[in-house]
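**Q** This is the structure I have questions about; it appears just below.
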Amino acid sequence: MRFLLVLLSFLLLVGCYETQRNCADFKTGTFEFEALSGTEVFKTTIVRNDSIEIDYFQGKTDSSSIRWINDCEYVLKKINPKNQAEKKAILIKILTTDKDSYTFEFSEVGKTKTSKATAKRIKP
């Protein structure tokens, strides 16, 4: 009986917990995130307004258009792709938000393999 009561209490607590997602707070601003590639960590800086995202990575700058699906999902498409790989659109899904950061997953549109990262706001 005691076990059943503990189990029900746990299920109620888990069921009531909802991950915070204030995605609209992160539609614009300047952000940084780090990604691991092999054994190296690479830092990317992103400057985003409602319709354009500019990425700064290893001394290079890339611009992408943004098409918002909803407050937590958008599609990036390179404005001036240099090859076939850069022509592929990227789907970004914000999974959780915090005061000054958000965790997101990204993948090529139509692909099931995703990667995750956390971006930190460095300017509003």
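Going through the structure tokens in order, the chains are called A, B, and so on, while each chain numbers its residues from 1 and the ligands are numbered from 1 in the order shown.
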Got a sec to tell me which of chain A DSSP assigns to strand (DSSP E), as a PyMOL selection string?
**A** chain A and resi 29-37+40-48+52-57+60-70+73-78+90-97+101-108+115-123
**Q** Excluding range 38-48 of chain A and its own-chain neighbours fewer than 2 positions away, which residues fall within 9 Å of it when counting only C-alpha atoms? Please give them as a list in words.
**A** Phe26, Lys27, Thr28, Gly29, Thr30, Phe31, Glu32, Phe33, Glu34, Ala35, Leu36, Asp50, Ser51, Ile52, Glu53, Ile54, Asp55, Tyr56, Phe57, Gln58, Ile66 and Lys123 of chain A
**Q** I want to know what sits within 8 Å of Lys77 in chain A, based on only C-alpha atoms, with residues of the same chain fewer than 6 positions away left out; could you give that as a list in words?
**A** Ser64, Ser65, Ile66, Lys87, Lys88, Ala89 and Ile90 of chain A
**Q** Can you write out the residues you just picked, keeping C-alpha atoms, as a PDB file, in the first residue's frame?
**A**
```pdb
ATOM      1  CA  SER A  64      20.842  32.573 -43.615  1.00  0.00           C
ATOM      2  CA  SER A  65      17.205  33.456 -44.020  1.00  0.00           C
ATOM      3  CA  ILE A  66      14.839  32.386 -41.249  1.00  0.00           C
ATOM      4  CA  LYS A  87      21.846  24.459 -50.180  1.00  0.00           C
ATOM      5  CA  LYS A  88      20.198  22.094 -47.686  1.00  0.00           C
ATOM      6  CA  ALA A  89      17.863  23.773 -45.198  1.00  0.00           C
ATOM      7  CA  ILE A  90      18.378  23.229 -41.463  1.00  0.00           C
TER       8      ILE A  90
END
```
**Q** State, in Å with one decimal place, the distance from CA of Lys116 in chain A to CA of Cys23 in chain A.
**A** 16.0 Å
**Q** Among chain A, which ones does DSSP assign to helix (DSSP H, G or I) (computed from the backbone)? Answer as a list in words.
**A**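 Helix (DSSP H, G or I) members of chain A, listed: Arg2, Phe3, Leu4, Leu5, Val6, Leu7, Leu8, Ser9, Phe10, Leu11, Leu12, Leu13, Val14, Gly15, Cys16, Cys23, Ala24, Asp25, Phe26, Ala85, Glu86 and Lys87 of chain A.
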**Q** Filtering to C-alpha atoms, could you give me those residues as a short mmCIF file (atom, residue, chain, number, x, y, z; two decimals), in the first residue's frame?
**A**
```cif
data_model
loop_
_atom_site.label_atom_id
_atom_site.label_comp_id
_atom_site.auth_asym_id
_atom_site.auth_seq_id
_atom_site.Cartn_x
_atom_site.Cartn_y
_atom_site.Cartn_z
CA ARG A 2 2.79 2.41 0.94
CA PHE A 3 4.61 1.59 -2.33
CA LEU A 4 1.47 2.38 -4.33
CA LEU A 5 1.09 5.73 -2.58
CA VAL A 6 4.73 6.64 -3.28
CA LEU A 7 4.38 5.57 -6.92
CA LEU A 8 1.20 7.64 -7.41
CA SER A 9 2.85 10.68 -5.81
CA PHE A 10 5.84 10.33 -8.11
CA LEU A 11 3.65 10.02 -11.20
CA LEU A 12 1.67 13.12 -10.22
CA LEU A 13 4.86 15.13 -9.75
CA VAL A 14 6.34 13.98 -13.06
CA GLY A 15 3.07 14.59 -14.88
CA CYS A 16 2.81 18.15 -13.54
CA CYS A 23 11.09 30.62 -27.09
CA ALA A 24 9.86 34.06 -28.18
CA ASP A 25 12.49 35.57 -25.83
CA PHE A 26 15.21 34.11 -28.10
CA ALA A 85 25.63 20.78 -48.96
CA GLU A 86 25.04 24.44 -48.10
CA LYS A 87 21.85 24.46 -50.18
#
```
**Q** Taking into account only C-alpha atoms, which residue in the set A:Arg67, A:Asn49, A:Ala119, A:Lys82 is nearest to Thr97 in chain A?
**A**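 Among A:Arg67, A:Asn49, A:Ala119, A:Lys82, it is A:Ala119 that comes nearest to Thr97 in chain A.
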**Q** Identify, on the basis of only C-alpha atoms, every residue whose closest approach to Thr96 in chain A does not exceed 12 Å; exclude the query and any residue fewer than 5 positions from it along the same chain; express the result as a ChimeraX atom specification.
**A** /A:18-26,72-73,101-105,116-119
**Q** Any chance you could export the current selection's N, CA and C atoms as a PDB file, in the first residue's frame?
**A**
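After the write, out.pdb holds the following:
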```
ATOM      1  N   GLU A  18       6.521  20.632 -16.305  1.00  0.00           N
ATOM      2  CA  GLU A  18       6.569  20.979 -17.719  1.00  0.00           C
ATOM      3  C   GLU A  18       7.856  21.751 -17.977  1.00  0.00           C
ATOM      4  N   THR A  19       8.573  21.379 -19.007  1.00  0.00           N
ATOM      5  CA  THR A  19       9.814  22.041 -19.348  1.00  0.00           C
ATOM      6  C   THR A  19       9.519  23.474 -19.758  1.00  0.00           C
ATOM      7  N   GLN A  20      10.309  24.406 -19.224  1.00  0.00           N
ATOM      8  CA  GLN A  20      10.131  25.814 -19.539  1.00  0.00           C
ATOM      9  C   GLN A  20      10.563  26.084 -20.971  1.00  0.00           C
ATOM     10  N   ARG A  21       9.702  26.775 -21.720  1.00  0.00           N
ATOM     11  CA  ARG A  21      10.039  27.135 -23.100  1.00  0.00           C
ATOM     12  C   ARG A  21       9.488  28.515 -23.396  1.00  0.00           C
ATOM     13  N   ASN A  22      10.279  29.532 -23.139  1.00  0.00           N
ATOM     14  CA  ASN A  22       9.920  30.896 -23.498  1.00  0.00           C
ATOM     15  C   ASN A  22      10.672  31.245 -24.780  1.00  0.00           C
ATOM     16  N   CYS A  23      10.334  30.540 -25.839  1.00  0.00           N
ATOM     17  CA  CYS A  23      11.088  30.623 -27.088  1.00  0.00           C
ATOM     18  C   CYS A  23      11.071  32.019 -27.700  1.00  0.00           C
ATOM     19  N   ALA A  24       9.966  32.731 -27.575  1.00  0.00           N
ATOM     20  CA  ALA A  24       9.863  34.064 -28.176  1.00  0.00           C
ATOM     21  C   ALA A  24      10.943  34.998 -27.642  1.00  0.00           C
ATOM     22  N   ASP A  25      11.419  34.761 -26.424  1.00  0.00           N
ATOM     23  CA  ASP A  25      12.492  35.574 -25.831  1.00  0.00           C
ATOM     24  C   ASP A  25      13.816  35.417 -26.575  1.00  0.00           C
ATOM     25  N   PHE A  26      13.942  34.402 -27.429  1.00  0.00           N
ATOM     26  CA  PHE A  26      15.205  34.110 -28.100  1.00  0.00           C
ATOM     27  C   PHE A  26      15.125  34.264 -29.624  1.00  0.00           C
ATOM     28  N   CYS A  72       8.985  28.218 -31.379  1.00  0.00           N
ATOM     29  CA  CYS A  72      10.087  27.345 -30.961  1.00  0.00           C
ATOM     30  C   CYS A  72      10.778  26.601 -32.097  1.00  0.00           C
ATOM     31  N   GLU A  73      10.329  26.782 -33.336  1.00  0.00           N
ATOM     32  CA  GLU A  73      10.929  26.071 -34.466  1.00  0.00           C
ATOM     33  C   GLU A  73      11.087  27.005 -35.656  1.00  0.00           C
ATOM     34  N   SER A 101      19.790  31.408 -21.747  1.00  0.00           N
ATOM     35  CA  SER A 101      20.259  30.368 -22.657  1.00  0.00           C
ATOM     36  C   SER A 101      19.093  29.499 -23.117  1.00  0.00           C
ATOM     37  N   TYR A 102      19.364  28.752 -24.171  1.00  0.00           N
ATOM     38  CA  TYR A 102      18.369  27.791 -24.648  1.00  0.00           C
ATOM     39  C   TYR A 102      19.087  26.574 -25.208  1.00  0.00           C
ATOM     40  N   THR A 103      18.447  25.436 -25.062  1.00  0.00           N
ATOM     41  CA  THR A 103      18.955  24.190 -25.626  1.00  0.00           C
ATOM     42  C   THR A 103      18.135  23.901 -26.869  1.00  0.00           C
ATOM     43  N   PHE A 104      18.832  23.511 -27.925  1.00  0.00           N
ATOM     44  CA  PHE A 104      18.145  23.272 -29.190  1.00  0.00           C
ATOM     45  C   PHE A 104      18.702  22.035 -29.862  1.00  0.00           C
ATOM     46  N   GLU A 105      17.900  21.508 -30.782  1.00  0.00           N
ATOM     47  CA  GLU A 105      18.377  20.437 -31.640  1.00  0.00           C
ATOM     48  C   GLU A 105      18.261  20.927 -33.066  1.00  0.00           C
ATOM     49  N   LYS A 116      22.400  18.197 -30.742  1.00  0.00           N
ATOM     50  CA  LYS A 116      21.935  19.144 -29.738  1.00  0.00           C
ATOM     51  C   LYS A 116      23.054  20.074 -29.334  1.00  0.00           C
ATOM     52  N   ALA A 117      22.668  21.274 -28.907  1.00  0.00           N
ATOM     53  CA  ALA A 117      23.629  22.245 -28.390  1.00  0.00           C
ATOM     54  C   ALA A 117      22.876  23.207 -27.476  1.00  0.00           C
ATOM     55  N   THR A 118      23.633  23.976 -26.717  1.00  0.00           N
ATOM     56  CA  THR A 118      23.056  25.012 -25.865  1.00  0.00           C
ATOM     57  C   THR A 118      23.693  26.328 -26.250  1.00  0.00           C
ATOM     58  N   ALA A 119      22.850  27.332 -26.509  1.00  0.00           N
ATOM     59  CA  ALA A 119      23.324  28.663 -26.874  1.00  0.00           C
ATOM     60  C   ALA A 119      23.106  29.604 -25.694  1.00  0.00           C
TER      61      ALA A 119
END
```
